[in-house]
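Q: File name my_file-v6.cif; file contents mmCIF, C-alpha atoms; full text below.
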```
data_model
#
loop_
_atom_site.label_atom_id
_atom_site.label_comp_id
_atom_site.auth_asym_id
_atom_site.auth_seq_id
_atom_site.Cartn_x
_atom_site.Cartn_y
_atom_site.Cartn_z
CA MET A 1 31.86 16.62 218.76
CA ALA A 2 28.10 16.08 219.12
CA GLU A 3 28.69 12.64 220.63
CA SER A 4 31.10 14.07 223.20
CA ILE A 5 28.63 16.78 224.17
CA ALA A 6 25.80 14.27 224.50
CA ARG A 7 27.93 11.88 226.54
CA GLY A 8 29.00 14.67 228.88
CA VAL A 9 25.42 15.88 229.35
CA VAL A 10 24.18 12.37 230.14
CA GLN A 11 27.05 11.44 232.46
CA SER A 12 26.84 14.73 234.34
CA GLY A 13 23.13 14.27 234.94
CA VAL A 14 22.27 17.65 233.42
CA LEU A 15 19.65 15.93 231.26
CA PRO A 16 18.40 12.35 231.21
CA PRO A 17 19.09 10.61 227.88
CA GLN A 18 15.38 10.27 227.08
CA ARG A 19 15.20 14.06 226.80
CA ILE A 20 17.96 14.19 224.16
CA SER A 21 17.42 13.38 220.49
CA THR A 22 19.38 13.53 217.24
CA ALA A 23 18.99 12.56 213.59
CA ILE A 24 20.67 9.64 211.85
CA HIS A 25 24.14 10.66 210.71
CA SER A 26 25.58 9.78 207.31
CA ASN A 27 27.88 7.41 209.22
CA PRO A 28 25.67 4.71 210.83
CA SER A 29 28.17 4.15 213.65
CA HIS A 30 27.32 7.60 215.00
CA GLY A 31 23.67 6.63 215.36
CA THR A 32 24.70 3.48 217.22
CA ALA A 33 26.87 5.54 219.57
CA PHE A 34 23.96 7.83 220.45
CA GLN A 35 21.59 4.91 220.98
CA SER A 36 24.09 3.26 223.33
CA LEU A 37 23.68 6.33 225.56
CA GLY A 38 19.90 5.93 225.54
CA ILE A 39 19.40 8.91 223.22
CA SER A 40 16.51 8.92 220.73
CA VAL A 41 17.65 8.79 217.10
CA TYR A 42 15.27 10.07 214.41
CA SER A 43 15.35 9.71 210.64
CA HIS A 44 15.30 13.42 209.83
CA ASN A 45 16.43 16.69 211.39
CA THR A 46 12.87 18.03 211.15
CA ASP A 47 11.72 15.25 213.50
CA VAL A 48 14.34 16.35 216.02
CA VAL A 49 13.16 19.96 215.82
CA ASP A 50 9.52 18.94 216.32
CA ALA A 51 10.44 16.87 219.37
CA SER A 52 12.85 19.33 220.99
CA ASP A 53 12.70 22.42 223.17
CA VAL A 54 16.40 23.21 222.67
CA ILE A 55 18.53 22.61 219.56
CA ILE A 56 22.33 22.23 219.71
CA PHE A 57 24.48 22.49 216.58
CA SER A 58 27.94 21.10 216.06
CA VAL A 59 29.98 24.27 215.54
CA LYS A 60 33.71 24.34 214.97
CA PRO A 61 35.64 26.46 217.49
CA GLN A 62 35.38 29.42 215.11
CA MET A 63 32.89 32.12 215.88
CA HIS A 64 34.41 35.53 215.67
CA ALA A 65 33.85 39.14 214.71
CA GLU A 66 34.31 39.99 211.04
CA ALA A 67 35.27 43.20 209.25
CA GLY A 68 31.75 44.65 208.92
CA ASN A 69 29.82 46.57 211.57
CA GLY A 70 28.13 44.09 213.90
CA GLN A 71 29.22 41.26 211.62
CA TYR A 72 30.14 37.79 212.88
CA GLU A 73 31.21 34.57 211.22
CA MET A 74 30.06 31.15 212.38
CA ALA A 75 31.64 28.00 210.96
CA LEU A 76 29.48 24.87 211.07
CA GLY A 77 31.07 21.44 211.36
CA TYR A 78 31.54 19.41 208.19
CA THR A 79 29.10 16.66 207.25
CA ALA A 80 27.34 15.21 204.20
CA CYS A 81 25.81 17.82 201.87
CA THR A 82 22.20 17.12 202.80
CA TYR A 83 22.92 17.43 206.52
CA ALA A 84 25.03 20.54 205.99
CA THR A 85 22.13 22.23 204.21
CA ASP A 86 19.74 21.44 207.06
CA ASN A 87 22.23 22.67 209.64
CA LEU A 88 22.68 25.96 207.80
CA ILE A 89 18.94 26.66 207.69
CA PHE A 90 18.40 25.65 211.31
CA MET A 91 21.36 27.76 212.44
CA ARG A 92 19.96 30.84 210.72
CA GLU A 93 16.52 30.34 212.22
CA VAL A 94 17.97 29.88 215.69
CA ASP A 95 20.15 32.99 215.29
CA ARG A 96 17.15 35.06 214.23
CA ALA A 97 15.05 33.79 217.13
CA ILE A 98 17.75 34.48 219.73
CA ALA A 99 18.40 37.97 218.35
CA ASN A 100 14.68 38.75 218.33
CA LYS A 101 14.39 37.60 221.94
CA HIS A 102 16.95 40.24 222.89
CA GLY A 103 15.37 42.99 220.80
CA LEU A 104 17.96 42.70 218.03
CA LEU A 105 17.82 41.91 214.32
CA ALA A 106 19.95 39.13 212.85
CA THR A 107 20.12 39.48 209.08
CA PHE A 108 21.86 37.42 206.43
CA VAL A 109 21.22 39.92 203.63
CA PRO A 110 24.23 39.82 201.28
CA LYS A 111 24.77 43.60 201.33
CA TYR A 112 23.01 45.16 204.31
CA ALA A 113 24.71 48.52 203.74
CA LEU A 114 26.25 49.45 200.40
CA ASP A 115 29.14 51.23 202.11
CA ASP A 116 30.02 48.29 204.38
CA ILE A 117 31.37 44.76 204.03
CA GLY A 118 28.89 42.23 202.64
CA SER A 119 27.91 38.87 204.13
CA GLY A 120 28.34 35.66 202.18
CA SER A 121 28.00 31.98 202.94
CA HIS A 122 30.85 30.02 201.43
CA VAL A 123 31.06 26.25 201.48
CA HIS A 124 34.08 23.95 201.70
CA LEU A 125 33.77 20.93 199.40
CA SER A 126 35.82 17.76 199.25
CA LEU A 127 35.25 14.60 197.21
CA TRP A 128 35.54 11.19 198.85
CA GLN A 129 35.51 7.66 197.46
CA ASN A 130 36.14 4.51 199.49
CA GLY A 131 37.35 6.60 202.41
CA GLN A 132 39.88 8.52 200.31
CA ASN A 133 39.89 12.19 199.38
CA VAL A 134 39.94 12.02 195.58
CA PHE A 135 40.82 15.70 195.17
CA GLN A 136 44.38 14.86 196.10
CA ALA A 137 46.75 13.70 193.38
CA SER A 138 48.21 10.26 194.07
CA ASP A 139 51.67 11.27 192.82
CA ALA A 140 53.73 14.34 192.04
CA SER A 141 52.63 14.48 188.39
CA SER A 142 50.01 17.15 189.05
CA GLN A 143 51.21 20.72 188.82
CA HIS A 144 48.98 21.91 191.65
CA GLY A 145 48.61 18.74 193.71
CA MET A 146 45.07 18.21 192.41
CA SER A 147 43.92 14.91 190.92
CA LYS A 148 42.38 14.62 187.46
CA VAL A 149 38.99 14.06 189.12
CA GLY A 150 39.51 17.20 191.18
CA GLU A 151 40.46 19.22 188.10
CA GLU A 152 37.39 17.98 186.23
CA PHE A 153 35.15 18.76 189.18
CA MET A 154 36.55 22.28 189.47
CA ALA A 155 36.18 22.81 185.71
CA GLY A 156 32.56 21.68 185.87
CA VAL A 157 31.74 24.11 188.67
CA LEU A 158 33.34 27.01 186.81
CA ASP A 159 31.69 26.09 183.50
CA HIS A 160 28.22 25.99 185.07
CA LEU A 161 28.79 28.91 187.43
CA PRO A 162 26.30 31.30 185.74
CA SER A 163 23.56 28.69 186.14
CA ILE A 164 24.64 27.82 189.69
CA PHE A 165 24.25 31.49 190.59
CA ALA A 166 20.49 31.15 190.11
CA PHE A 167 20.51 29.08 193.31
CA THR A 168 23.48 30.46 195.24
CA ALA A 169 23.00 34.17 194.51
CA PRO A 170 19.25 34.50 193.89
CA LEU A 171 18.74 38.10 195.03
CA SER A 172 19.46 41.34 193.20
CA ASN A 173 21.18 42.38 196.43
CA SER A 174 23.55 39.41 196.00
CA TYR A 175 25.24 41.24 193.14
CA ASP A 176 25.76 44.36 195.23
CA ARG A 177 28.08 42.13 197.26
CA ILE A 178 29.72 40.12 194.46
CA GLN A 179 32.00 42.85 193.17
CA PRO A 180 35.77 42.99 192.51
CA ASN A 181 38.07 43.75 195.44
CA THR A 182 35.50 42.76 198.07
CA TRP A 183 36.66 39.18 198.88
CA SER A 184 33.45 37.87 197.33
CA GLY A 185 34.65 35.74 194.42
CA ALA A 186 33.56 38.07 191.64
CA TYR A 187 35.69 36.34 188.99
CA GLN A 188 34.82 33.12 187.15
CA CYS A 189 38.13 31.50 187.93
CA TRP A 190 39.93 29.45 190.55
CA GLY A 191 43.02 30.22 192.54
CA LYS A 192 45.17 29.02 195.42
CA GLU A 193 43.93 30.70 198.59
CA ASN A 194 42.85 33.72 196.52
CA ARG A 195 39.74 35.40 197.91
CA GLU A 196 39.00 37.16 194.61
CA ALA A 197 38.53 33.81 192.84
CA HIS A 198 35.12 32.19 193.05
CA CYS A 199 36.63 28.74 193.61
CA ILE A 200 39.55 28.59 196.01
CA PHE A 201 41.77 25.52 196.16
CA PHE A 202 43.48 24.77 199.46
CA TYR A 203 46.63 22.68 199.44
CA PRO A 204 47.34 20.31 201.15
CA ALA A 205 43.87 20.38 202.75
CA MET A 206 42.52 19.13 199.41
CA CYS A 207 39.23 20.94 199.25
CA ILE A 208 37.78 23.86 197.36
CA VAL A 209 35.83 26.79 198.76
CA ILE A 210 32.93 28.13 196.70
CA ASP A 211 31.63 31.61 197.47
CA GLY A 212 28.33 33.27 196.65
CA PHE A 213 25.77 31.30 198.66
CA ASN A 214 23.72 34.33 199.62
#
```
So that I can check it, write out the structure of this file as structure tokens.
A:
Amino acid sequence: MAESIARGVVQSGVLPPQRISTAIHSNPSHGTAFQSLGISVYSHNTDVVDASDVIIFSVKPQMHAEAGNGQYEMALGYTACTYATDNLIFMREVDRAIANKHGLLATFVPKYALDDIGSGSHVHLSLWQNGQNVFQASDASSQHGMSKVGEEFMAGVLDHLPSIFAFTAPLSNSYDRIQPNTWSGAYQCWGKENREAHCIFFYPAMCIVIDGFN
């Protein structure tokens, strides 16, 4: 998506390529594609931020109102874990800055109001090896369509969940949100498309969703 946007901007003449920059993607061919347009390619996202007046994120066509008052959900495009983490932080900072410019407050507090819906930050994870999604079972022997590697990965996440919470739910306010019957994954279990489970397995998409990153 980012390549298409950049190509359109350059070809339309909205911005010259020397005024556009990006960071090296996990797939080297993406960097080559940007360079072929005359766009500057940096080693790190922080370099792009330092060199830029405007930052554009790759966002899936999913930004919509949620159930809480004044609550919205934004879905960032998938990428390698390290890039996804950077994109999340940059997105939050940009949201806060834009809201502040308009005299508003953008908050990512897990439970802004105890009598309203909380805000989480779930992540979709898939495992890849040699271009193949190794979550998916190679035959019909698996009861749930999940490979042995996928089952072991899921079991590891659930086993270490209390320790993982030190990083993904670091605030006392986090636990005001992570309660039963609030779609927040309050149970140390997994399920198929079950919002009450902390790890949700999607079939046949072959990924898991982990809640509680807030």
Q: Run the PyMOL selection byres ((chain A and resi 31-41) around 8) against the file shown and list the residues it catches, as a VMD selection string.
A: chain A and resid 3 6 to 7 10 17 to 25 27 to 30 42 to 43
Q: Of the residues A:Ser184, A:Asn45, A:Ser174, A:Ser119, which is the one nearest to Ala84 of chain A, using only C-alpha atoms?
A: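 Closest residue, counting only C-alpha atoms: A:Asn45.
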Q: What is the distance, in Å and to one decimal place, between atom CA of Thr107 of chain A and atom CA of Trp183 of chain A?
A: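 According to the coordinates, atom CA of Thr107 of chain A and atom CA of Trp183 of chain A are separated by 19.4 Å.
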Q: Taking all atoms listed in the file into account, produce a table as CSV in which each residue of segment 117-179 of chain A with an atom at most 10 Å from an atom of segment 68-76 of chain A appears once, together with its shortest atom pair and the distance in Å to one decimal, ordered by chain and rising number.
A:
```
residue,atom,partner,partner_atom,distance
A:Ile117,CA,A:Gly68,CA,4.9
A:Gly118,CA,A:Gly68,CA,7.3
A:Ser119,CA,A:Gln71,CA,8.0
A:Gly120,CA,A:Glu73,CA,9.5
A:Ser121,CA,A:Glu73,CA,9.3
A:His122,CA,A:Ala75,CA,9.8
A:Val123,CA,A:Ala75,CA,9.7
```
Q: Since I can't run it myself right now, could you work out what the PyMOL selection byres ((chain A and resi 151) around 12) selects here and report it as a PyMOL selection string?
A: chain A and resi 127+134-137+142-150+152-158+190+199+201+206-208
Q: Between atom CA of Asp176 of chain A and atom CA of Asp115 of chain A, what is the spacing in Å?
A: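 Interatomic distance, atom CA of Asp115 of chain A to atom CA of Asp176 of chain A: 10.3 Å.
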Q: Closest to Trp128 of chain A among A:Thr79, A:His102, A:Gly13, A:Phe202, using only C-alpha atoms?
A: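 Closest residue, counting only C-alpha atoms: A:Thr79.
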Q: From the set A:Ile210, A:Gly131, A:His124, A:Lys111, which residue has the shortest atom-to-atom contact distance to Ser172 of chain A, counting only C-alpha atoms?
A: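 Closest candidate: A:Lys111.
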Q: Considering all atoms listed in the file, return as a ChimeraX atom specification whatever protein or nucleic-acid residues lie within 6 Å of Arg96 of chain A, sequence-local ones (same chain, fewer than 3 positions apart) excluded.
A: /A:93,99,106
Q: Since I can't run it myself right now, could you work out what the PyMOL selection byres ((chain A and resi 189) around 9) selects here and report it as a ChimeraX atom specification?
A: /A:158,185-188,190-191,196-200
Q: Just to confirm, what's the straight-line distance from atom CA of Ile89 of chain A to atom CA of Ala65 of chain A in Å (one decimal)?
A: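 Distance between the two atoms: 20.7 Å.
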Q: Measuring atom to atom with only C-alpha atoms, identify which of A:Gln11, A:Thr182, A:Asn194, A:Asn173 is nearest to Phe108 of chain A.
A: A:Asn173
Q: Tell me which of A:Asn130, A:Asn87, A:Ser163, A:Arg195 sits closest to Pro180 of chain A, counting all atoms listed in the file.
A: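 Of A:Asn130, A:Asn87, A:Ser163, A:Arg195, the one nearest Pro180 of chain A is A:Arg195, counting all atoms listed in the file.
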Q: Please complete segment 143-155 of chain A with N, CA and C atoms and give it back as a compact mmCIF listing (two decimals), keeping the file's coordinate frame.
A:
```
# COMPACT_ATOMS: atom_id res chain seq x y z
N GLN A 143 50.52 19.45 188.60
CA GLN A 143 51.21 20.72 188.82
C GLN A 143 50.77 21.39 190.12
N HIS A 144 49.51 21.22 190.48
CA HIS A 144 48.98 21.91 191.65
C HIS A 144 48.61 20.97 192.79
N GLY A 145 48.94 19.68 192.66
CA GLY A 145 48.61 18.74 193.71
C GLY A 145 47.17 18.26 193.66
N MET A 146 46.47 18.58 192.56
CA MET A 146 45.07 18.21 192.41
C MET A 146 44.96 17.03 191.45
N SER A 147 44.11 16.08 191.78
CA SER A 147 43.92 14.91 190.92
C SER A 147 43.16 15.29 189.66
N LYS A 148 43.13 14.38 188.69
CA LYS A 148 42.38 14.62 187.46
C LYS A 148 40.89 14.77 187.78
N VAL A 149 40.40 13.94 188.71
CA VAL A 149 38.99 14.06 189.12
C VAL A 149 38.74 15.43 189.73
N GLY A 150 39.66 15.88 190.57
CA GLY A 150 39.51 17.20 191.18
C GLY A 150 39.51 18.31 190.14
N GLU A 151 40.40 18.21 189.16
CA GLU A 151 40.46 19.22 188.10
C GLU A 151 39.16 19.24 187.30
N GLU A 152 38.64 18.05 187.00
CA GLU A 152 37.39 17.98 186.23
C GLU A 152 36.22 18.52 187.03
N PHE A 153 36.21 18.24 188.33
CA PHE A 153 35.15 18.76 189.18
C PHE A 153 35.19 20.29 189.23
N MET A 154 36.39 20.83 189.43
CA MET A 154 36.55 22.28 189.47
C MET A 154 36.13 22.91 188.14
N ALA A 155 36.54 22.29 187.03
CA ALA A 155 36.18 22.81 185.71
C ALA A 155 34.67 22.80 185.51
```
